[in-house]
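Shown next: start11.txt, containing compact mmCIF, C-alpha atoms.
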```
# COMPACT_ATOMS: atom_id res chain seq x y z
CA MET A 28 -18.55 32.75 32.15
CA PHE A 29 -15.78 31.50 29.86
CA LYS A 30 -12.82 30.02 31.72
CA ILE A 31 -9.49 29.64 29.98
CA GLU A 32 -8.66 26.40 31.79
CA ASN A 33 -11.17 23.75 32.85
CA GLN A 34 -10.87 20.43 34.63
CA ASP A 35 -10.81 18.42 31.40
CA ASP A 36 -7.82 20.40 30.16
CA ILE A 37 -6.02 19.96 33.48
CA ASN A 38 -6.52 16.19 33.28
CA ALA A 39 -5.72 15.98 29.54
CA ARG A 40 -3.52 13.07 28.51
CA GLN A 41 -3.01 14.08 24.89
CA PRO A 42 -3.40 17.28 22.82
CA MET A 43 -6.82 16.26 21.47
CA ASP A 44 -8.18 16.18 25.02
CA LEU A 45 -7.74 19.97 25.21
CA ARG A 46 -10.88 22.01 24.65
CA TYR A 47 -9.38 24.39 22.09
CA MET A 48 -8.06 21.47 20.04
CA LYS A 49 -11.53 19.89 20.06
CA MET A 50 -13.01 23.20 18.89
CA LEU A 51 -10.45 23.41 16.08
CA ARG A 52 -11.21 19.82 15.05
CA ASN A 53 -14.97 20.43 15.12
CA LEU A 54 -14.63 23.57 12.98
CA LEU A 55 -12.67 21.71 10.31
CA HIS A 56 -14.94 18.67 10.68
CA LEU A 57 -17.84 20.77 9.38
CA ILE A 58 -16.04 20.93 6.02
CA SER A 59 -14.53 17.42 6.31
CA SER A 60 -10.97 18.73 6.53
CA TRP A 61 -9.65 17.03 9.66
CA PRO A 62 -7.45 13.89 9.14
CA TYR A 63 -9.28 11.53 11.50
CA LYS A 64 -7.83 8.34 10.02
CA LEU A 65 -4.21 9.45 10.34
CA LEU A 66 -4.84 10.39 13.96
CA GLY A 67 -6.55 7.09 14.72
CA GLU A 68 -9.93 8.67 15.42
CA ASP A 69 -13.01 6.74 14.34
CA VAL A 70 -15.33 9.55 13.20
CA LYS A 71 -17.66 9.43 10.23
CA PRO A 72 -18.01 12.48 7.94
CA LEU A 73 -21.20 14.50 8.16
CA PRO A 74 -23.79 13.83 5.42
CA LEU A 75 -23.48 16.12 2.39
CA ARG A 76 -20.38 17.72 3.96
CA GLY A 77 -17.65 15.82 2.16
CA THR A 78 -14.97 17.82 0.39
CA PHE A 79 -15.98 16.46 -3.03
CA TYR A 80 -19.62 17.43 -2.47
CA LEU A 81 -18.62 20.91 -1.29
CA PHE A 82 -16.23 21.29 -4.23
CA VAL A 83 -19.00 20.51 -6.73
CA GLU A 84 -21.42 22.78 -4.88
CA TRP A 85 -19.03 25.74 -4.85
CA ALA A 86 -17.96 25.09 -8.45
CA ILE A 87 -21.60 25.42 -9.51
CA VAL A 88 -21.90 28.62 -7.47
CA LEU A 89 -18.73 29.98 -9.08
CA VAL A 90 -19.93 29.21 -12.62
CA THR A 91 -23.37 30.77 -12.05
CA GLY A 92 -21.69 33.78 -10.45
CA LEU A 93 -19.39 34.25 -13.44
CA ILE A 94 -22.36 33.97 -15.80
CA TYR A 95 -24.14 36.64 -13.75
CA VAL A 96 -21.11 38.92 -14.16
CA LYS A 97 -21.03 38.30 -17.90
CA THR A 98 -24.75 39.03 -18.40
CA HIS A 99 -24.88 42.10 -16.14
CA ILE A 100 -21.51 43.77 -16.64
CA ASN A 101 -22.92 46.10 -19.30
CA LYS A 102 -26.24 46.62 -17.51
CA LEU A 103 -25.07 47.61 -14.04
CA SER A 104 -22.48 50.11 -12.86
CA PHE A 105 -19.18 49.10 -11.32
CA PHE A 106 -20.49 50.07 -7.89
CA GLU A 107 -23.54 47.83 -8.32
CA MET A 108 -21.38 44.94 -9.53
CA GLY A 109 -18.77 45.36 -6.78
CA ASN A 110 -20.46 42.96 -4.38
CA THR A 111 -20.58 40.23 -7.04
CA TYR A 112 -16.90 40.73 -7.89
CA VAL A 113 -16.04 40.24 -4.21
CA THR A 114 -18.28 37.18 -3.75
CA VAL A 115 -16.84 35.53 -6.87
CA SER A 116 -13.34 36.16 -5.47
CA LEU A 117 -14.42 34.72 -2.12
CA ASN A 118 -15.77 31.70 -3.97
CA VAL A 119 -12.43 31.11 -5.69
CA VAL A 120 -10.64 31.17 -2.32
CA GLY A 121 -13.20 28.82 -0.77
CA LEU A 122 -12.97 26.46 -3.74
CA GLN A 123 -9.19 26.29 -3.43
CA ARG A 124 -9.31 25.75 0.32
CA ILE A 125 -11.76 22.88 0.13
CA THR A 126 -9.16 21.00 -1.95
CA ILE A 127 -6.41 21.39 0.67
CA PHE A 128 -7.49 18.21 2.44
CA TRP A 129 -6.92 16.22 -0.74
CA PHE A 130 -3.17 16.77 -0.51
CA LYS A 131 -1.00 14.44 1.57
CA SER A 132 1.24 17.33 2.68
CA TYR A 133 -1.63 18.93 4.61
CA ARG A 134 -2.74 15.71 6.28
CA GLN A 135 0.85 14.86 7.25
CA ALA A 136 1.44 18.36 8.63
CA ILE A 137 -1.64 18.15 10.87
CA LYS A 138 -0.67 14.63 11.98
CA GLU A 139 2.89 15.65 12.89
CA PHE A 140 1.64 18.75 14.69
CA VAL A 141 -0.83 16.81 16.84
CA LEU A 142 1.40 13.80 17.53
CA GLU A 143 4.85 15.41 17.81
CA VAL A 144 5.09 19.21 17.57
CA HIS A 145 2.30 20.21 19.96
CA LEU A 146 3.87 21.62 23.13
CA PHE A 147 1.81 19.19 25.20
CA HIS A 148 4.42 16.54 24.31
CA HIS A 149 7.30 18.77 25.49
CA ARG A 150 5.86 20.45 28.57
CA HIS A 151 7.47 18.08 31.09
CA LYS A 152 11.05 18.41 29.82
CA THR A 153 11.96 21.52 31.84
CA GLU A 154 10.33 24.03 34.11
CA TYR A 155 10.61 26.65 31.38
CA SER A 156 8.94 24.31 28.88
CA GLU A 157 5.96 23.99 31.22
CA HIS A 158 5.83 27.77 31.57
CA ILE A 159 5.80 28.26 27.79
CA TYR A 160 3.21 25.52 27.34
CA GLN A 161 0.86 27.24 29.79
CA TYR A 162 1.46 30.58 28.06
CA ILE A 163 0.72 29.20 24.59
CA TYR A 164 -2.25 27.27 25.95
CA LYS A 165 -3.88 30.47 27.20
CA ILE A 166 -3.25 32.26 23.90
CA CYS A 167 -4.72 29.40 21.85
CA ALA A 168 -7.71 28.93 24.17
CA VAL A 169 -8.73 32.59 23.83
CA PHE A 170 -7.86 32.82 20.14
CA VAL A 171 -9.92 29.76 19.13
CA VAL A 172 -13.01 31.09 20.92
CA ALA A 173 -12.50 34.51 19.31
CA ILE A 174 -12.33 32.95 15.82
CA HIS A 175 -15.53 31.00 16.46
CA ALA A 176 -17.27 34.22 17.48
CA GLU A 177 -15.81 35.97 14.44
CA THR A 178 -17.22 33.25 12.18
CA PHE A 179 -20.71 33.56 13.65
CA PHE A 180 -20.88 37.35 13.57
CA GLY A 181 -19.21 37.53 10.14
CA VAL A 182 -21.91 35.36 8.58
CA LEU A 183 -24.59 37.30 10.44
CA LEU A 184 -23.38 40.70 9.23
CA PHE A 185 -22.81 39.49 5.68
CA ASN A 186 -26.41 38.32 5.34
CA VAL A 187 -28.23 40.77 7.60
CA MET A 188 -27.16 43.95 5.81
CA PRO A 189 -28.91 43.08 2.48
CA PHE A 190 -32.04 42.16 4.50
CA VAL A 191 -31.92 45.49 6.35
CA ASN A 192 -31.58 47.35 3.03
CA ASN A 193 -34.56 45.44 1.65
CA VAL A 194 -36.67 46.40 4.67
CA ARG A 195 -35.56 50.01 4.42
CA HIS A 196 -36.53 50.16 0.75
CA GLY A 197 -39.98 48.69 1.41
CA MET A 198 -39.40 45.43 -0.44
CA PHE A 199 -41.61 43.50 2.00
CA ASN A 200 -44.60 45.84 1.68
CA GLU A 201 -47.78 44.64 -0.02
CA GLU A 202 -46.81 46.75 -3.04
CA MET A 203 -43.11 46.64 -3.73
CA PRO A 204 -41.42 49.69 -5.26
CA PRO A 205 -41.57 49.20 -9.04
CA ASP A 206 -38.04 50.44 -9.63
CA ARG A 207 -36.24 48.26 -7.07
CA GLN A 208 -35.15 44.63 -6.68
CA PHE A 209 -34.33 42.44 -3.70
CA GLU A 210 -30.72 42.72 -2.59
CA HIS A 211 -28.83 39.48 -1.96
CA SER A 212 -25.53 38.73 -0.28
CA ILE A 213 -24.62 36.53 -3.29
CA ASN A 214 -25.94 36.83 -6.86
CA TYR A 215 -26.20 34.06 -9.44
CA SER A 216 -27.51 33.52 -12.94
CA LEU A 217 -30.51 31.25 -12.33
CA PRO A 218 -33.49 30.11 -14.46
CA PHE A 219 -36.03 31.63 -12.06
CA ASN A 220 -36.73 35.11 -10.72
CA TYR A 221 -35.35 35.77 -7.27
CA HIS A 222 -34.86 39.54 -7.49
CA THR A 223 -38.55 40.53 -7.54
CA ASP A 224 -40.38 37.35 -6.48
CA LEU A 225 -40.72 36.96 -2.69
CA VAL A 226 -40.64 33.16 -2.70
CA GLY A 227 -37.53 33.17 -4.89
CA TYR A 228 -35.96 35.73 -2.57
CA ILE A 229 -36.59 33.58 0.53
CA VAL A 230 -35.15 30.45 -1.13
CA ILE A 231 -31.98 32.20 -2.28
CA ALA A 232 -31.58 34.07 1.03
CA ILE A 233 -31.53 30.71 2.87
CA VAL A 234 -29.12 29.23 0.32
CA ASN A 235 -26.86 32.27 0.65
CA LEU A 236 -26.84 31.93 4.43
CA ILE A 237 -25.64 28.32 4.16
CA LEU A 238 -23.09 29.05 1.43
CA SER A 239 -21.64 32.08 3.20
CA TYR A 240 -21.32 30.05 6.41
CA ASP A 241 -19.47 27.31 4.55
CA CYS A 242 -17.18 29.85 2.89
CA LEU A 243 -16.35 31.52 6.19
CA LEU A 244 -15.70 28.09 7.71
CA ALA A 245 -13.09 27.54 5.00
CA PHE A 246 -11.57 30.96 5.67
CA CYS A 247 -11.54 30.84 9.46
CA GLY A 248 -11.00 27.08 9.82
CA PHE A 249 -7.72 26.91 7.91
CA ASP A 250 -6.55 30.29 9.21
CA LEU A 251 -7.18 29.00 12.72
CA ALA A 252 -5.31 25.74 12.08
CA LEU A 253 -2.32 27.64 10.72
CA SER A 254 -2.40 30.16 13.57
CA VAL A 255 -2.45 27.46 16.27
CA ILE A 256 0.46 25.72 14.54
CA VAL A 257 2.41 28.99 14.41
CA PHE A 258 1.76 29.69 18.10
CA HIS A 259 3.24 26.31 19.05
CA VAL A 260 6.26 26.65 16.76
CA TRP A 261 6.80 30.10 18.28
CA GLY A 262 6.74 28.41 21.69
CA HIS A 263 9.37 25.93 20.50
CA LEU A 264 11.58 28.80 19.35
CA LYS A 265 11.26 30.50 22.73
CA ILE A 266 12.25 27.26 24.48
CA LEU A 267 15.20 26.84 22.11
CA ASP A 268 16.28 30.44 22.72
CA HIS A 269 16.09 29.89 26.48
CA ASP A 270 18.12 26.68 26.28
CA LEU A 271 20.84 28.49 24.36
CA ARG A 272 21.00 31.50 26.65
CA THR A 273 21.05 29.40 29.84
CA PHE A 274 23.64 26.92 28.60
CA PRO A 275 25.68 26.07 31.70
CA THR A 276 29.19 27.42 32.08
CA PRO A 277 31.90 25.23 33.64
CA ALA A 278 31.26 26.78 37.05
CA GLU A 279 27.51 26.25 36.78
CA MET A 280 28.04 22.67 35.63
CA ARG A 281 30.24 22.02 38.68
CA ALA A 282 27.93 23.99 40.96
CA THR A 283 30.89 26.10 42.07
CA ARG A 284 31.38 29.83 41.76
CA GLY A 285 34.05 32.37 42.55
CA ARG A 286 37.15 30.44 41.49
CA PRO A 287 38.75 31.72 38.24
CA GLU A 288 39.99 28.27 37.21
CA ASP A 289 36.37 27.02 37.11
CA GLU A 290 35.51 29.50 34.35
CA MET A 291 38.37 28.55 32.00
CA SER A 292 37.20 25.39 30.24
CA TYR A 293 35.18 22.20 30.52
CA THR A 294 36.86 18.97 31.54
CA LYS A 295 36.88 15.95 29.23
CA GLU A 296 33.84 14.46 30.97
CA GLU A 297 32.04 17.82 30.91
CA ASN A 298 32.72 18.21 27.19
CA GLN A 299 30.96 14.89 26.63
CA ARG A 300 27.93 16.24 28.49
CA VAL A 301 28.17 19.47 26.48
CA ARG A 302 28.27 17.41 23.26
CA ALA A 303 25.06 15.63 24.24
CA MET A 304 23.37 18.93 25.13
CA LEU A 305 24.44 20.47 21.82
CA LYS A 306 23.06 17.44 19.99
CA ASP A 307 19.67 17.88 21.69
CA ILE A 308 19.61 21.57 20.74
CA ILE A 309 20.55 20.86 17.11
CA ASP A 310 17.97 18.08 16.88
CA HIS A 311 15.34 20.44 18.29
CA HIS A 312 16.20 23.14 15.74
CA ARG A 313 16.30 20.59 12.90
CA HIS A 314 12.87 19.28 13.92
CA ILE A 315 11.44 22.81 13.86
CA MET A 316 12.96 23.49 10.43
CA HIS A 317 11.65 20.19 9.05
CA PHE A 318 8.15 20.81 10.32
CA MET A 319 8.08 24.38 8.97
CA THR A 320 9.04 23.02 5.55
CA GLN A 321 6.07 20.66 5.81
CA ALA A 322 3.78 23.49 6.91
CA SER A 323 4.94 25.67 4.01
CA ASP A 324 4.19 22.87 1.56
CA ALA A 325 0.78 22.25 3.14
CA PHE A 326 -0.41 25.85 3.43
CA GLY A 327 1.67 27.49 0.70
CA PRO A 328 -0.87 27.40 -2.16
CA MET A 329 -3.58 28.56 0.25
CA LEU A 330 -1.56 31.59 1.29
CA CYS A 331 -0.68 32.51 -2.31
CA VAL A 332 -4.35 32.47 -3.36
CA TYR A 333 -5.30 34.24 -0.12
CA TYR A 334 -2.90 37.13 -0.69
CA MET A 335 -3.96 37.50 -4.32
CA PHE A 336 -7.58 37.63 -3.15
CA HIS A 337 -6.80 40.46 -0.73
CA GLN A 338 -4.97 42.31 -3.49
CA VAL A 339 -8.09 42.22 -5.66
CA SER A 340 -10.86 42.56 -3.09
CA GLY A 341 -9.11 45.29 -1.11
CA CYS A 342 -9.30 47.92 -3.85
CA ILE A 343 -12.87 46.91 -4.83
CA LEU A 344 -14.16 47.22 -1.27
CA LEU A 345 -12.40 50.55 -0.78
CA LEU A 346 -14.01 51.78 -3.97
CA GLU A 347 -17.44 50.65 -2.79
CA CYS A 348 -16.98 52.39 0.57
CA SER A 349 -15.79 55.58 -1.15
CA LYS A 350 -19.38 56.46 -2.10
CA MET A 351 -19.77 57.34 1.60
CA ASP A 352 -23.56 57.00 1.54
CA PRO A 353 -25.31 55.12 4.40
CA GLU A 354 -26.19 52.16 2.17
CA SER A 355 -22.62 51.59 0.98
CA ILE A 356 -21.12 52.10 4.41
CA GLY A 357 -23.66 49.76 5.98
CA ARG A 358 -23.09 47.01 3.44
CA TYR A 359 -19.36 47.18 2.75
CA ALA A 360 -17.67 48.79 5.78
CA ALA A 361 -18.05 45.72 8.01
CA LEU A 362 -16.92 43.37 5.22
CA THR A 363 -13.91 45.58 4.44
CA VAL A 364 -12.87 45.75 8.08
CA THR A 365 -13.38 42.00 8.60
CA LEU A 366 -11.36 40.91 5.56
CA ASN A 367 -8.53 43.32 6.32
CA GLN A 368 -8.57 42.19 9.94
CA LEU A 369 -8.14 38.58 8.78
CA LEU A 370 -5.18 39.63 6.62
CA VAL A 371 -3.52 41.62 9.40
CA GLN A 372 -4.26 38.93 11.98
CA LEU A 373 -2.67 36.09 10.01
CA SER A 374 0.31 38.17 8.86
CA VAL A 375 1.15 39.42 12.35
CA ILE A 376 0.86 35.93 13.84
CA VAL A 377 3.14 34.40 11.20
CA GLU A 378 5.59 37.29 11.67
CA LEU A 379 6.16 36.00 15.22
CA LEU A 380 8.23 33.16 13.77
CA GLY A 381 10.66 35.40 11.93
CA THR A 382 10.99 37.80 14.85
CA GLN A 383 11.66 35.06 17.39
CA SER A 384 14.02 33.07 15.16
CA GLU A 385 16.09 36.22 14.56
CA THR A 386 17.08 36.12 18.24
CA LEU A 387 18.64 32.68 17.87
CA LYS A 388 21.80 34.10 16.27
CA ASP A 389 22.65 36.15 19.36
CA ALA A 390 21.57 33.30 21.61
CA VAL A 391 24.00 30.86 19.95
CA TYR A 392 26.86 33.35 20.14
CA SER A 393 26.12 33.97 23.83
CA MET A 394 26.89 30.33 24.63
CA PRO A 395 30.16 29.65 26.52
CA TRP A 396 31.75 28.26 23.36
CA GLU A 397 35.19 29.57 24.36
CA CYS A 398 35.20 27.05 27.22
CA MET A 399 34.57 24.07 24.93
CA ASP A 400 37.00 21.77 23.18
CA THR A 401 37.66 22.02 19.43
CA SER A 402 35.04 19.45 18.46
CA ASN A 403 32.27 21.18 20.38
CA ARG A 404 33.32 24.58 19.05
CA ARG A 405 32.89 23.25 15.53
CA THR A 406 29.43 22.02 16.49
CA VAL A 407 28.53 25.48 17.81
CA LEU A 408 29.85 27.02 14.59
CA PHE A 409 27.67 24.61 12.59
CA LEU A 410 24.66 25.60 14.71
CA LEU A 411 25.45 29.30 14.29
CA TYR A 412 25.52 28.84 10.53
CA ASN A 413 22.15 27.05 10.54
CA VAL A 414 20.35 29.74 12.54
CA GLN A 415 21.44 32.59 10.27
CA GLU A 416 18.32 32.27 8.10
CA PRO A 417 15.15 33.12 10.05
CA ILE A 418 12.39 30.52 10.16
CA ARG A 419 9.51 31.83 8.07
CA LEU A 420 6.56 30.57 6.06
CA LYS A 421 7.38 30.76 2.36
CA PRO A 422 4.34 29.86 0.24
CA MET A 423 5.60 27.74 -2.67
CA GLY A 424 9.04 29.24 -2.05
CA VAL A 425 7.97 32.49 -3.73
CA VAL A 426 7.22 35.09 -1.09
CA THR A 427 7.69 35.36 2.66
CA VAL A 428 4.53 35.73 4.72
CA GLY A 429 4.60 38.52 7.28
CA VAL A 430 3.87 42.14 7.99
CA THR A 431 6.06 43.37 5.13
CA THR A 432 4.01 41.45 2.57
CA MET A 433 0.81 42.54 4.31
CA ALA A 434 1.85 46.21 4.16
CA SER A 435 2.73 45.84 0.49
CA ILE A 436 -0.72 44.38 -0.28
CA LEU A 437 -2.55 47.12 1.61
CA LYS A 438 -0.45 49.80 -0.08
CA THR A 439 -1.00 48.34 -3.55
CA SER A 440 -4.74 47.94 -2.92
CA PHE A 441 -4.97 51.58 -1.96
CA SER A 442 -3.02 52.57 -5.08
CA TYR A 443 -5.38 50.57 -7.31
CA PHE A 444 -8.32 52.11 -5.48
CA MET A 445 -7.07 55.61 -6.24
CA PHE A 446 -6.53 54.63 -9.88
CA LEU A 447 -10.04 53.15 -10.25
CA ARG A 448 -11.53 56.11 -8.42
CA THR A 449 -10.45 58.39 -11.27
CA PHE A 450 -12.50 56.37 -13.77
CA SER A 451 -15.62 55.73 -11.70
```

Would you encode the structure as structure tokens?
Amino acid sequence: MFKIENQDDINARQPMDLRYMKMLRNLLHLISSWPYKLLGEDVKPLPLRGTFYLFVEWAIVLVTGLIYVKTHINKLSFFEMGNTYVTVSLNVVGLQRITIFWFKSYRQAIKEFVLEVHLFHHRHKTEYSEHIYQYIYKICAVFVVAIHAETFFGVLLFNVMPFVNNVRHGMFNEEMPPDRQFEHSINYSLPFNYHTDLVGYIVIAIVNLILSYDCLLAFCGFDLALSVIVFHVWGHLKILDHDLRTFPTPAEMRATRGRPEDEMSYTKEENQRVRAMLKDIIDHHRHIMHFMTQASDAFGPMLCVYYMFHQVSGCILLLECSKMDPESIGRYAALTVTLNQLLVQLSVIVELLGTQSETLKDAVYSMPWECMDTSNRRTVLFLLYNVQEPIRLKPMGVVTVGVTTMASILKTSFSYFMFLRTFS
């Protein structure tokens, strides 16, 4: 039975000792996208799994896929070509994601997250910090396992449905139907026959299984990395909000209550303590803002391409499902649900940042600023000004990631679907 916390996690001395962090690292290691050298880890890349090798491999797949579209666009209907349009789009996303590791911004963002931002480094500061760390730990532990399961079953469904259709159509009988061809999860333009030849079918089916697994690794691996980062930044924002709302009043600082004079203002010595506490809070907020700028630079291009992919694939998949026959539903319903679930999942998780950071404005104003001296009041005013803009992921500074953007994409995809439906 899966346990959220095990003995190794209890005895962990650094974030990478935690099981869910090891699982995240291993997932990205399969596509050589974990910065081992920056983290001081002596791990060799897997053979034939380097990012350059994968880039060349997927570039070849993309080119052969585009050639297939060009040679068959006038021979097959839009419904028959829909799967190829989607797989070519998936290939573009995978190709872009495999290049993420090449950029210093991504490697630095992962390094800073593991070595500085991870709540493991902040859990011992206060009792509330430990509480938030345990809360985020449980979320991440469950979420990482769920994404691993999603990866496995996603690849399985993507490749099993064409096989089931081939069995149902009698393609493995001694005499194959003369008017049918083998269905594949991915189609290419190749110099040999793999649509009617059994040996060719088996070879390409195995290749497709490997390629689809690699592609889903790129999807789920980077989504998982971003999600874990967002969960921890969300935890930081909750700690910051708590520190602001529980800022001690003069009476609480003196451990006295009930006397009106104790609530009036801080003494000179107390204002010095208040100044130090305000500095810690501002430094904490500045650190969060700095890291989110790094994360936006690292994951921005990925999110832009990702959202454009969902804009295109969403209407195509809806159109394919609109035939409402068992074959279309069996082949495209699961893929449609899975891809939309990934979009909703990432958008809702990232939205946590904006929602939580919105509370900081009220939290700052709730501080006992009226009891402070003029210098500290100016510091509070400076902090209040800085928290006015919510902390959000802004890919390439163009669009804000969240549920509003997600809803816009889903709405537009449905509109395009209705438009294409009138011509199909």

For A:Lys421, the nearest of the candidates A:Met319, A:Ile137, A:Met335, A:Ile237, counting all atoms listed in the file: A:Met319

Distance query A:Asn53 at most 12 Å, all atoms listed in the file, self and fewer than 2 positions along chain excluded, as a ChimeraX atom specification: /A:43,46-51,55-63,70,72-73,171,175,244,248,251-252

Proximity to A:Leu122 - best of A:Phe258, A:Tyr333, A:Phe179, A:Phe106, all atoms listed in the file: A:Tyr333

Exercise: residues within 12 Å of coordinate (-7.7, 36.4, -1.9), counting all atoms listed in the file, as a count of residues only: 35

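For the atom pair formed by atom CA of A:Cys348 and atom CA of A:Trp85, the distance is 27.3 Å, given to one decimal.
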